[in-house]
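Colleague: Structure: upload-v3.cif, mmCIF, C-alpha atoms and all ligand atoms.
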```cif
data_data
loop_
_atom_site.label_atom_id
_atom_site.label_comp_id
_atom_site.auth_asym_id
_atom_site.auth_seq_id
_atom_site.Cartn_x
_atom_site.Cartn_y
_atom_site.Cartn_z
CA MET A 1 -53.83 17.22 -21.53
CA SER A 2 -55.07 15.40 -18.43
CA ILE A 3 -52.79 12.83 -16.81
CA LEU A 4 -55.89 10.59 -16.92
CA SER A 5 -55.74 10.51 -20.73
CA GLY A 6 -55.29 6.92 -21.91
CA LYS A 7 -55.69 5.53 -18.40
CA LYS A 8 -58.01 2.59 -17.77
CA ILE A 9 -60.38 3.55 -14.98
CA LEU A 10 -62.51 0.96 -13.23
CA LEU A 11 -65.37 2.68 -11.44
CA GLY A 12 -67.07 0.73 -8.65
CA VAL A 13 -70.51 2.09 -7.80
CA THR A 14 -72.21 1.14 -4.55
CA ALA A 15 -75.73 1.78 -3.25
CA GLY A 16 -75.78 5.34 -2.00
CA ILE A 17 -77.90 8.23 -3.20
CA ALA A 18 -74.74 9.89 -4.57
CA ALA A 19 -74.66 7.10 -7.20
CA TYR A 20 -76.72 9.43 -9.42
CA LYS A 21 -73.64 11.66 -9.64
CA THR A 22 -71.59 8.86 -11.22
CA ALA A 23 -73.18 9.75 -14.57
CA SER A 24 -71.31 13.08 -14.43
CA LEU A 25 -68.23 11.37 -13.10
CA VAL A 26 -68.09 8.92 -16.02
CA ARG A 27 -68.62 11.82 -18.47
CA LEU A 28 -65.71 13.73 -16.95
CA PHE A 29 -63.44 10.67 -17.15
CA ILE A 30 -64.31 10.17 -20.82
CA LYS A 31 -63.78 13.88 -21.50
CA SER A 32 -60.31 13.66 -19.97
CA GLY A 33 -59.44 10.87 -22.43
CA ALA A 34 -59.70 7.94 -20.01
CA GLU A 35 -61.21 4.55 -20.81
CA VAL A 36 -63.91 3.61 -18.31
CA LYS A 37 -65.50 0.36 -17.19
CA VAL A 38 -68.12 0.24 -14.47
CA VAL A 39 -68.84 -2.48 -11.92
CA MET A 40 -71.86 -1.97 -9.63
CA THR A 41 -73.18 -3.68 -6.55
CA PRO A 42 -76.64 -5.17 -7.28
CA ALA A 43 -78.30 -2.63 -4.95
CA ALA A 44 -76.60 0.32 -6.67
CA LYS A 45 -78.85 -0.31 -9.68
CA ASP A 46 -81.73 1.14 -7.62
CA PHE A 47 -79.97 4.52 -7.68
CA VAL A 48 -78.58 4.75 -11.22
CA THR A 49 -79.30 2.49 -14.18
CA PRO A 50 -76.60 0.35 -15.80
CA LEU A 51 -77.92 1.62 -19.16
CA THR A 52 -77.01 5.21 -18.23
CA LEU A 53 -73.50 4.22 -17.19
CA SER A 54 -72.89 1.85 -20.11
CA THR A 55 -74.03 4.52 -22.57
CA LEU A 56 -71.75 7.15 -21.05
CA SER A 57 -68.76 4.83 -20.56
CA LYS A 58 -69.24 3.12 -23.96
CA ASN A 59 -68.64 -0.21 -22.22
CA PRO A 60 -70.99 -2.86 -20.77
CA VAL A 61 -71.67 -2.45 -17.06
CA VAL A 62 -71.36 -5.53 -14.87
CA SER A 63 -72.89 -6.21 -11.46
CA SER A 64 -72.99 -9.98 -10.97
CA PHE A 65 -70.72 -12.93 -11.73
CA PHE A 66 -73.08 -13.95 -14.54
CA ASP A 67 -76.50 -13.02 -15.91
CA GLU A 68 -78.95 -15.50 -14.33
CA GLU A 69 -81.60 -14.86 -16.98
CA ASP A 70 -79.32 -15.69 -19.90
CA GLU A 71 -78.49 -19.39 -20.09
CA ASN A 72 -75.59 -18.67 -22.46
CA ALA A 73 -74.25 -15.97 -20.18
CA LEU A 74 -70.52 -15.65 -19.81
CA TRP A 75 -68.87 -15.47 -16.43
CA ASN A 76 -67.81 -11.92 -15.56
CA ASN A 77 -64.20 -12.35 -14.63
CA HIS A 78 -63.33 -10.20 -11.62
CA VAL A 79 -59.63 -11.07 -11.86
CA GLU A 80 -59.45 -9.88 -15.47
CA LEU A 81 -61.29 -6.65 -14.60
CA GLY A 82 -59.03 -6.04 -11.63
CA LEU A 83 -55.93 -6.55 -13.75
CA TRP A 84 -57.30 -4.44 -16.65
CA ALA A 85 -57.50 -1.30 -14.54
CA ASP A 86 -54.75 1.31 -14.12
CA VAL A 87 -56.86 2.91 -11.40
CA MET A 88 -59.86 1.61 -9.45
CA LEU A 89 -62.21 4.15 -7.90
CA ILE A 90 -65.08 3.19 -5.63
CA ALA A 91 -67.54 6.08 -5.65
CA PRO A 92 -69.84 6.41 -3.90
CA ALA A 93 -68.41 4.05 -1.30
CA THR A 94 -71.02 3.18 1.34
CA ALA A 95 -70.20 2.27 4.95
CA ASN A 96 -71.39 -1.26 4.21
CA THR A 97 -69.08 -1.81 1.20
CA LEU A 98 -66.13 -0.13 2.93
CA SER A 99 -66.42 -2.36 5.99
CA LYS A 100 -66.61 -5.43 3.73
CA MET A 101 -63.51 -4.23 1.86
CA ALA A 102 -61.70 -3.83 5.17
CA SER A 103 -62.55 -7.37 6.28
CA GLY A 104 -61.91 -9.12 2.95
CA ASN A 105 -65.54 -10.03 2.31
CA SER A 106 -66.22 -10.76 -1.36
CA ASP A 107 -69.92 -11.52 -1.61
CA ASN A 108 -70.45 -9.54 -4.80
CA LEU A 109 -68.58 -8.87 -8.06
CA LEU A 110 -67.42 -5.39 -7.00
CA LEU A 111 -65.81 -6.72 -3.81
CA ALA A 112 -64.18 -9.66 -5.60
CA THR A 113 -62.82 -7.23 -8.20
CA TYR A 114 -61.47 -4.95 -5.47
CA LEU A 115 -59.64 -7.90 -3.89
CA SER A 116 -58.15 -8.82 -7.28
CA ALA A 117 -57.07 -5.30 -8.26
CA LYS A 118 -53.31 -4.75 -8.48
CA CYS A 119 -53.63 -1.03 -9.30
CA PRO A 120 -54.02 1.89 -6.87
CA VAL A 121 -57.54 1.89 -5.36
CA TYR A 122 -59.27 5.15 -4.40
CA PHE A 123 -62.53 5.35 -2.45
CA ALA A 124 -64.91 8.28 -2.05
CA PRO A 125 -67.11 7.64 0.99
CA ALA A 126 -70.70 8.79 0.97
CA MET A 127 -72.95 8.36 3.97
CA ASP A 128 -74.96 10.22 6.54
CA LEU A 129 -73.28 12.49 9.10
CA ASP A 130 -73.50 10.13 12.09
CA MET A 131 -72.48 7.08 10.07
CA TYR A 132 -69.43 9.03 8.80
CA ASN A 133 -68.48 10.01 12.35
CA HIS A 134 -69.03 6.57 13.90
CA PRO A 135 -65.84 5.10 15.45
CA SER A 136 -66.28 1.88 13.48
CA THR A 137 -66.39 3.87 10.21
CA HIS A 138 -63.22 5.70 11.20
CA GLU A 139 -61.56 2.39 12.02
CA THR A 140 -62.58 1.16 8.56
CA PHE A 141 -61.11 4.28 6.89
CA GLU A 142 -57.85 3.78 8.76
CA LYS A 143 -57.63 0.09 7.99
CA LEU A 144 -58.31 0.64 4.28
CA GLN A 145 -55.63 3.33 4.11
CA GLU A 146 -53.18 1.07 5.95
CA PHE A 147 -53.79 -1.44 3.15
CA GLY A 148 -52.61 1.26 0.71
CA ASN A 149 -56.01 2.43 -0.52
CA ILE A 150 -56.42 6.17 -0.97
CA MET A 151 -59.36 7.99 0.56
CA ILE A 152 -61.03 10.94 -1.15
CA PRO A 153 -62.67 12.54 1.90
CA ALA A 154 -66.37 13.30 1.87
CA GLU A 155 -67.42 16.93 1.63
CA SER A 156 -69.62 18.91 4.01
CA GLY A 157 -73.05 20.19 3.18
CA GLU A 158 -76.67 19.20 3.18
CA LEU A 159 -77.14 15.45 3.26
CA ALA A 160 -79.98 13.35 1.84
CA SER A 161 -81.36 12.96 5.38
CA GLY A 162 -81.70 16.72 5.72
CA LEU A 163 -78.87 16.85 8.26
CA VAL A 164 -75.96 19.14 7.52
CA GLY A 165 -72.33 18.03 7.95
CA GLN A 166 -69.56 15.88 6.46
CA GLY A 167 -70.67 12.83 4.50
CA ARG A 168 -71.52 13.95 0.97
CA MET A 169 -69.49 12.21 -1.70
CA ALA A 170 -66.90 14.62 -3.10
CA GLU A 171 -68.27 16.38 -6.18
CA PRO A 172 -67.27 14.65 -9.47
CA GLU A 173 -65.07 17.62 -10.52
CA ASN A 174 -63.27 17.44 -7.17
CA ILE A 175 -62.79 13.67 -7.48
CA ILE A 176 -61.17 14.15 -10.91
CA ASP A 177 -59.01 16.94 -9.51
CA PHE A 178 -57.96 14.78 -6.54
CA LEU A 179 -57.04 11.84 -8.80
CA GLU A 180 -55.06 13.99 -11.25
CA LYS A 181 -53.05 15.63 -8.47
CA ASP A 182 -52.44 12.38 -6.60
CA ILE A 183 -51.35 10.48 -9.72
CA LEU A 184 -49.03 13.31 -10.80
CA GLU A 185 -47.53 13.59 -7.34
CA LYS A 186 -46.60 9.89 -7.31
CA LEU A 187 -45.11 9.64 -10.78
CA PRO A 188 -41.54 8.24 -10.66
CA LEU A 189 -39.98 11.13 -12.64
CA LYS A 190 -41.96 13.91 -10.95
CA GLY A 191 -39.66 16.94 -10.42
CA GLN A 192 -36.97 15.59 -12.78
CA THR A 193 -35.79 17.16 -16.02
CA VAL A 194 -35.00 15.00 -19.02
CA LEU A 195 -33.04 16.21 -22.05
CA ILE A 196 -33.37 14.19 -25.26
CA THR A 197 -31.72 14.68 -28.66
CA ALA A 198 -33.58 13.09 -31.57
CA GLY A 199 -33.91 12.94 -35.33
CA PRO A 200 -31.30 13.59 -38.02
CA THR A 201 -29.18 16.69 -38.54
CA TYR A 202 -28.85 18.44 -41.90
CA GLU A 203 -25.45 19.88 -42.78
CA ALA A 204 -25.71 22.54 -45.47
CA ILE A 205 -23.68 22.28 -48.68
CA ASP A 206 -25.28 25.31 -50.30
CA PRO A 207 -28.63 27.09 -49.86
CA VAL A 208 -30.57 24.13 -51.33
CA ARG A 209 -28.52 21.02 -50.56
CA PHE A 210 -27.47 19.25 -47.43
CA ILE A 211 -25.90 16.09 -46.04
CA GLY A 212 -28.45 14.22 -43.93
CA ASN A 213 -29.67 10.77 -42.99
CA HIS A 214 -32.83 8.70 -42.78
CA SER A 215 -33.53 9.06 -39.05
CA SER A 216 -37.24 9.82 -38.46
CA GLY A 217 -36.92 11.00 -34.86
CA LYS A 218 -39.57 8.46 -33.83
CA MET A 219 -37.47 6.72 -31.15
CA GLY A 220 -36.60 10.04 -29.48
CA ILE A 221 -40.20 11.22 -29.61
CA GLU A 222 -41.38 8.00 -27.95
CA LEU A 223 -38.71 8.49 -25.27
CA ALA A 224 -39.94 12.05 -24.71
CA LEU A 225 -43.57 10.91 -24.41
CA THR A 226 -42.64 8.13 -21.99
CA ALA A 227 -40.62 10.51 -19.79
CA ALA A 228 -43.43 13.08 -19.78
CA ASN A 229 -46.01 10.42 -18.91
CA LEU A 230 -43.78 9.46 -15.99
CA GLY A 231 -44.01 13.08 -14.79
CA ALA A 232 -40.73 14.58 -16.05
CA GLN A 233 -40.25 18.00 -17.64
CA VAL A 234 -38.79 17.13 -21.03
CA TYR A 235 -36.63 19.12 -23.44
CA LEU A 236 -36.68 17.45 -26.83
CA VAL A 237 -33.98 18.82 -29.13
CA LEU A 238 -35.29 17.60 -32.45
CA GLY A 239 -33.57 17.65 -35.81
CA PRO A 240 -35.63 18.03 -39.03
CA SER A 241 -38.52 15.56 -38.75
CA SER A 242 -41.95 15.23 -40.31
CA LEU A 243 -43.30 13.94 -36.98
CA THR A 244 -44.91 16.21 -34.42
CA VAL A 245 -45.40 15.82 -30.69
CA SER A 246 -47.72 17.63 -28.34
CA HIS A 247 -47.67 17.14 -24.56
CA GLY A 248 -47.92 19.68 -21.76
CA LEU A 249 -44.62 18.50 -20.27
CA ILE A 250 -42.60 18.40 -23.51
CA ASP A 251 -40.77 21.46 -24.85
CA VAL A 252 -39.66 20.82 -28.42
CA ILE A 253 -36.55 22.72 -29.53
CA PRO A 254 -36.33 22.38 -33.32
CA VAL A 255 -32.80 22.40 -34.72
CA VAL A 256 -31.25 21.76 -38.12
CA SER A 257 -27.49 21.17 -37.91
CA ALA A 258 -25.21 19.34 -35.46
CA GLU A 259 -23.94 22.75 -34.32
CA ASP A 260 -27.51 23.95 -33.59
CA MET A 261 -28.15 20.75 -31.66
CA TYR A 262 -24.92 21.17 -29.69
CA GLN A 263 -25.80 24.76 -28.74
CA ALA A 264 -29.33 23.72 -27.66
CA VAL A 265 -27.86 20.93 -25.51
CA ILE A 266 -25.20 23.15 -23.88
CA GLU A 267 -27.94 25.54 -22.75
CA ARG A 268 -29.96 22.83 -21.01
CA TYR A 269 -27.52 20.13 -19.91
CA GLU A 270 -26.38 21.49 -16.56
CA ASN A 271 -29.83 21.40 -14.96
CA CYS A 272 -31.04 18.09 -16.30
CA ASP A 273 -31.26 14.82 -14.34
CA ILE A 274 -31.33 12.42 -17.28
CA ALA A 275 -29.91 13.05 -20.77
CA ILE A 276 -30.50 10.72 -23.70
CA ALA A 277 -28.74 11.13 -27.05
CA SER A 278 -30.90 9.31 -29.57
CA ALA A 279 -30.19 11.69 -32.46
CA ALA A 280 -28.42 10.52 -35.59
CA VAL A 281 -25.97 13.42 -35.63
CA ALA A 282 -23.86 13.93 -38.74
CA ASP A 283 -20.25 13.19 -37.88
CA TYR A 284 -19.01 15.48 -40.69
CA ARG A 285 -20.15 18.69 -42.32
CA PRO A 286 -18.94 20.60 -45.41
CA LYS A 287 -15.96 22.73 -44.44
CA HIS A 288 -17.19 25.58 -46.66
CA VAL A 289 -20.87 26.29 -47.22
CA SER A 290 -21.48 28.03 -50.54
CA ASP A 291 -23.62 31.18 -50.40
CA GLN A 292 -24.96 30.44 -53.85
CA LYS A 293 -26.38 27.26 -55.36
CA ILE A 294 -23.42 25.29 -56.72
CA LYS A 295 -23.60 24.93 -60.51
CA LYS A 296 -22.77 21.59 -62.09
CA ALA A 297 -19.72 21.26 -64.32
CA ASP A 298 -18.33 18.49 -66.51
CA THR A 299 -15.48 17.82 -64.13
CA GLU A 300 -15.52 15.69 -60.98
CA PHE A 301 -16.65 17.41 -57.85
CA SER A 302 -15.77 16.83 -54.22
CA ILE A 303 -16.68 18.42 -50.94
CA GLU A 304 -14.18 18.84 -48.18
CA LEU A 305 -15.64 17.74 -44.85
CA GLU A 306 -14.74 18.55 -41.28
CA ARG A 307 -15.79 16.89 -38.03
CA THR A 308 -18.83 18.11 -36.16
CA LYS A 309 -18.80 18.33 -32.41
CA ASP A 310 -19.54 15.00 -30.69
CA ILE A 311 -22.40 16.19 -28.50
CA LEU A 312 -22.67 13.02 -26.43
CA LYS A 313 -18.93 12.96 -25.78
CA TRP A 314 -19.16 16.55 -24.58
CA MET A 315 -22.04 15.57 -22.23
CA GLY A 316 -19.96 12.66 -20.88
CA ALA A 317 -17.00 14.95 -20.19
CA GLU A 318 -19.17 17.57 -18.46
CA LYS A 319 -21.23 15.04 -16.49
CA LYS A 320 -21.92 15.80 -12.82
CA ASN A 321 -25.07 14.14 -11.48
CA GLN A 322 -26.76 13.53 -14.81
CA PHE A 323 -27.68 9.97 -15.80
CA LEU A 324 -26.35 9.77 -19.35
CA VAL A 325 -27.66 7.45 -22.07
CA GLY A 326 -26.31 7.03 -25.59
CA PHE A 327 -27.28 5.02 -28.65
CA ALA A 328 -25.07 2.87 -30.85
CA LEU A 329 -26.08 1.62 -34.27
CA GLU A 330 -23.70 -1.15 -35.27
CA THR A 331 -23.25 -3.61 -38.10
CA GLU A 332 -20.36 -5.73 -36.78
CA ASN A 333 -18.72 -6.52 -33.40
CA GLU A 334 -21.84 -4.90 -31.99
CA LYS A 335 -21.35 -5.43 -28.24
CA GLU A 336 -17.63 -4.65 -28.27
CA ASN A 337 -18.20 -1.44 -30.21
CA ALA A 338 -21.11 -0.39 -27.97
CA ILE A 339 -19.05 -1.03 -24.81
CA GLY A 340 -16.22 0.99 -26.37
CA LYS A 341 -18.61 3.95 -26.86
CA LEU A 342 -20.06 3.54 -23.35
CA LYS A 343 -16.57 3.92 -21.88
CA LYS A 344 -15.24 6.54 -24.28
CA LYS A 345 -18.23 8.81 -23.78
CA ASN A 346 -18.56 8.20 -20.01
CA LEU A 347 -22.14 6.86 -20.25
CA ASP A 348 -24.33 5.19 -17.64
CA LEU A 349 -26.24 3.20 -20.24
CA ILE A 350 -25.99 2.50 -23.95
CA VAL A 351 -28.79 1.35 -26.23
CA LEU A 352 -27.45 -0.92 -28.93
CA ASN A 353 -29.29 -1.39 -32.22
CA SER A 354 -27.86 -3.90 -34.58
CA LEU A 355 -28.59 -3.31 -38.25
CA ASN A 356 -28.33 -7.11 -38.59
CA ASP A 357 -31.63 -7.42 -36.70
CA LYS A 358 -34.71 -7.25 -38.91
CA GLY A 359 -37.08 -4.46 -37.83
CA ALA A 360 -34.41 -2.57 -35.89
CA GLY A 361 -32.95 0.86 -36.48
CA PHE A 362 -33.77 4.13 -38.13
CA LYS A 363 -36.93 4.35 -40.13
CA GLY A 364 -39.52 1.86 -38.93
CA GLN A 365 -42.08 1.64 -36.15
CA THR A 366 -40.20 -1.13 -34.34
CA ASN A 367 -36.83 -1.60 -32.73
CA LYS A 368 -34.81 -4.42 -31.20
CA VAL A 369 -32.36 -3.23 -28.62
CA THR A 370 -29.76 -4.50 -26.21
CA LEU A 371 -29.10 -2.38 -23.14
CA ILE A 372 -25.62 -2.30 -21.62
CA ASN A 373 -25.08 -0.43 -18.37
CA HIS A 374 -21.88 0.98 -16.85
CA LYS A 375 -21.39 -2.25 -14.84
CA LEU A 376 -21.36 -3.93 -18.26
CA GLU A 377 -24.53 -5.89 -17.47
CA ILE A 378 -26.19 -6.77 -20.77
CA LYS A 379 -29.89 -7.24 -21.40
CA ALA A 380 -31.27 -8.11 -24.83
CA PHE A 381 -34.91 -7.34 -25.62
CA GLU A 382 -37.30 -8.77 -28.21
CA LEU A 383 -38.44 -6.86 -31.29
CA LYS A 384 -40.98 -4.33 -29.99
CA THR A 385 -42.72 -1.11 -30.99
CA LYS A 386 -40.62 2.00 -30.36
CA SER A 387 -43.07 3.04 -27.67
CA GLU A 388 -42.53 -0.26 -25.82
CA VAL A 389 -38.76 0.07 -26.27
CA ALA A 390 -38.95 3.57 -24.71
CA LYS A 391 -40.73 2.08 -21.67
CA ASP A 392 -38.06 -0.64 -21.33
CA ILE A 393 -35.35 2.03 -21.48
CA PHE A 394 -36.96 4.14 -18.74
CA ASP A 395 -37.68 1.05 -16.57
CA THR A 396 -33.97 0.27 -16.79
CA ILE A 397 -32.94 3.89 -16.07
CA ASN A 398 -35.27 4.10 -13.04
CA GLN A 399 -33.99 0.78 -11.70
CA LEU A 400 -30.33 1.79 -12.14
CA LYS A 401 -30.93 5.18 -10.52
CA LYS A 402 -32.63 3.44 -7.58
CA ASP A 403 -29.65 1.08 -7.15
CA GLU A 404 -27.15 3.97 -7.17
N1 LIG A 501 -23.63 11.49 -31.13
C1 LIG A 501 -23.61 12.82 -30.75
N2 LIG A 501 -22.94 13.74 -31.50
C2 LIG A 501 -22.29 13.38 -32.62
C3 LIG A 501 -22.31 12.03 -33.03
C4 LIG A 501 -23.00 11.10 -32.26
O1 LIG A 501 -24.21 13.16 -29.73
N3 LIG A 501 -21.67 14.28 -33.35
C5 LIG A 501 -24.31 10.49 -30.28
C6 LIG A 501 -25.51 9.85 -30.92
O2 LIG A 501 -26.69 10.56 -30.62
C7 LIG A 501 -25.51 8.47 -30.28
C8 LIG A 501 -24.04 8.17 -30.13
O3 LIG A 501 -23.41 9.44 -30.06
O4 LIG A 501 -26.07 8.50 -28.99
C9 LIG A 501 -23.52 7.39 -31.29
O5 LIG A 501 -22.14 7.28 -31.13
P1 LIG A 501 -21.11 7.45 -32.34
O6 LIG A 501 -19.78 7.04 -31.82
O7 LIG A 501 -21.11 8.78 -32.93
O8 LIG A 501 -21.74 6.47 -33.34
P2 LIG A 501 -21.48 6.49 -34.83
O9 LIG A 501 -21.75 7.82 -35.46
O10 LIG A 501 -22.23 5.35 -35.35
O11 LIG A 501 -19.91 6.33 -34.76
P3 LIG A 501 -18.91 5.32 -35.42
O12 LIG A 501 -18.74 5.83 -36.77
O13 LIG A 501 -17.70 5.52 -34.54
O14 LIG A 501 -19.52 3.96 -35.29
#
```
Let me see the structure of the file written as structure tokens.
Modeller:
Amino acid sequence: MSILSGKKILLGVTAGIAAYKTASLVRLFIKSGAEVKVVMTPAAKDFVTPLTLSTLSKNPVVSSFFDEEDENALWNNHVELGLWADVMLIAPATANTLSKMASGNSDNLLLATYLSAKCPVYFAPAMDLDMYNHPSTHETFEKLQEFGNIMIPAESGELASGLVGQGRMAEPENIIDFLEKDILEKLPLKGQTVLITAGPTYEAIDPVRFIGNHSSGKMGIELALTAANLGAQVYLVLGPSSLTVSHGLIDVIPVVSAEDMYQAVIERYENCDIAIASAAVADYRPKHVSDQKIKKADTEFSIELERTKDILKWMGAEKKNQFLVGFALETENEKENAIGKLKKKNLDLIVLNSLNDKGAGFKGQTNKVTLINHKLEIKAFELKTKSEVAKDIFDTINQLKKDE
């Protein structure tokens, strides 16, 4: 899956002959799973039609602050567009537009949008050989990069003028490749390994029965997806769950019992940078597992239970450089109990769910958590989707790791 999947791409098209290639560019973005909006300079419409780009991007294309021919026209809000984007790409970027970007000129919607954009901005210059080599163009490139914009250098070859040299806009495939590599390279968890336990465990009583719980594994799966989208290699040790997950950076290790989960964790703990125990591990298991299905009788029946291994406690005891996160599901004296677990299990952060909060806990799509770190700083969050909660947890982890 491309790192561009789900990203909001704002493509700015300016008036160069390479604008005809933006049709392919938009197609490639859509194919990679990105959402695309296009803003054009008025003159760019001479090179590629807004209809082509709106059809391919499945979004209206804008090029002026409002449509002068429509008296009911709405104002095209450059600030909103700029804030909508995860990535802005100006391709082709002419010498004229680039020099205006460098000097803060905003005499069209594309330039005003560029000035409003808070996201990373990439530009793919396209111009004739001598324009590309002119000292003022080089000064513009440098200035724009000093501002934090990222240049996708032009390629060499035959130019529209018939001259041969550097100046052709990078080919659409190469632009996509450049963006994917650059985005991946800058992800905050790039090069880190994250180990996550999730879901319930099943403790066998006999070949057909087990002791289990209602955990769906959803919270752990959302944590795994968030970590992978931040660039980490993820090992997700997942107890029996009806949910599936598929991501190039996530390795799912399916397990059944607490003992299986413990063994899977031991194998991977030493080399991980962040470990999160979100699994609802059974604290007890039947001391004897019957080989045969147990037959009912008219007498009372009881099962002798023994403790399972506390996986998180083991991780806390073995901790070297790992950042260790645990979960606590509490019904009373929530904060005190969670702080007790944080200390007892040598954690860096604990995620507290209170069963007293509506919408929090095991089964649903939402969760309401309070995060307590090892300095005992407490932050309570609103009720959110589990995916949003996962982002809050990783924001907190990244901040705490930065402060270390
Ligand atoms: N955990 C674990 N291995 C176990 C039990 C729990 O790794 N055998 C982890 C859970 O994944 C969670 C945290 O420990 O991150 C929960 O702590 P725990 O003290 O076990 O909570 P409860 O089972 O709710 O314990 P208690 O009955 O003491 O409240």
Colleague: Quick one: pull the distance between CA of Lys345 (chain A) and CA of Gly316 (chain A), Å, one decimal.
Modeller: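 Between CA of Lys345 (chain A) and CA of Gly316 (chain A) the gap is 5.1 Å.
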Colleague: Identify, counting all atoms listed in the file, the protein, DNA and RNA residues located within 7 Å of ligand LIG 501 (chain A), and give them as a ChimeraX atom specification.
Modeller: /A:197,258,277-283,308-313,326-330,341
Colleague: For Leu184 (chain A), which residue among A:Leu249, A:Val256, A:Leu355, A:Gln145 is the nearest when counting only C-alpha atoms?
Modeller: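 Result for the nearest residue to Leu184 (chain A): A:Leu249.
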Colleague: Neighbours of region 363-367 of chain A within 10 Å (only C-alpha atoms; same-chain residues fewer than 6 positions away dropped), as a list in words?
Modeller: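 Contacts, with the query itself left out: His214, Ser215, Ser216, Gly217, Lys218, Met219, Asn353, Ser354, Asp357, Phe381, Glu382, Leu383, Lys384, Thr385, Lys386, Ser387, Glu388, Val389 and Ala390 of chain A.
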Colleague: Find, counting only C-alpha atoms, the residue in A:Ala93, A:Ala124, A:Leu4, A:Ile294 that gets nearest to Ile183 (chain A).
Modeller: A:Leu4
Colleague: Name the closest residue to Asp130 (chain A) among the candidates A:Val36, A:Met261, A:Ala95, A:Val208; distances are taken between atoms, counting all atoms listed in the file.
Modeller: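 Looking at the shortest contact to Asp130 (chain A), the residue is A:Ala95.
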Colleague: Looking at all atoms listed in the file, which of A:Asp251, A:Glu222, A:Glu158, A:Glu146 is the one that sits closest to Asp128 (chain A)?
Modeller: A:Glu158
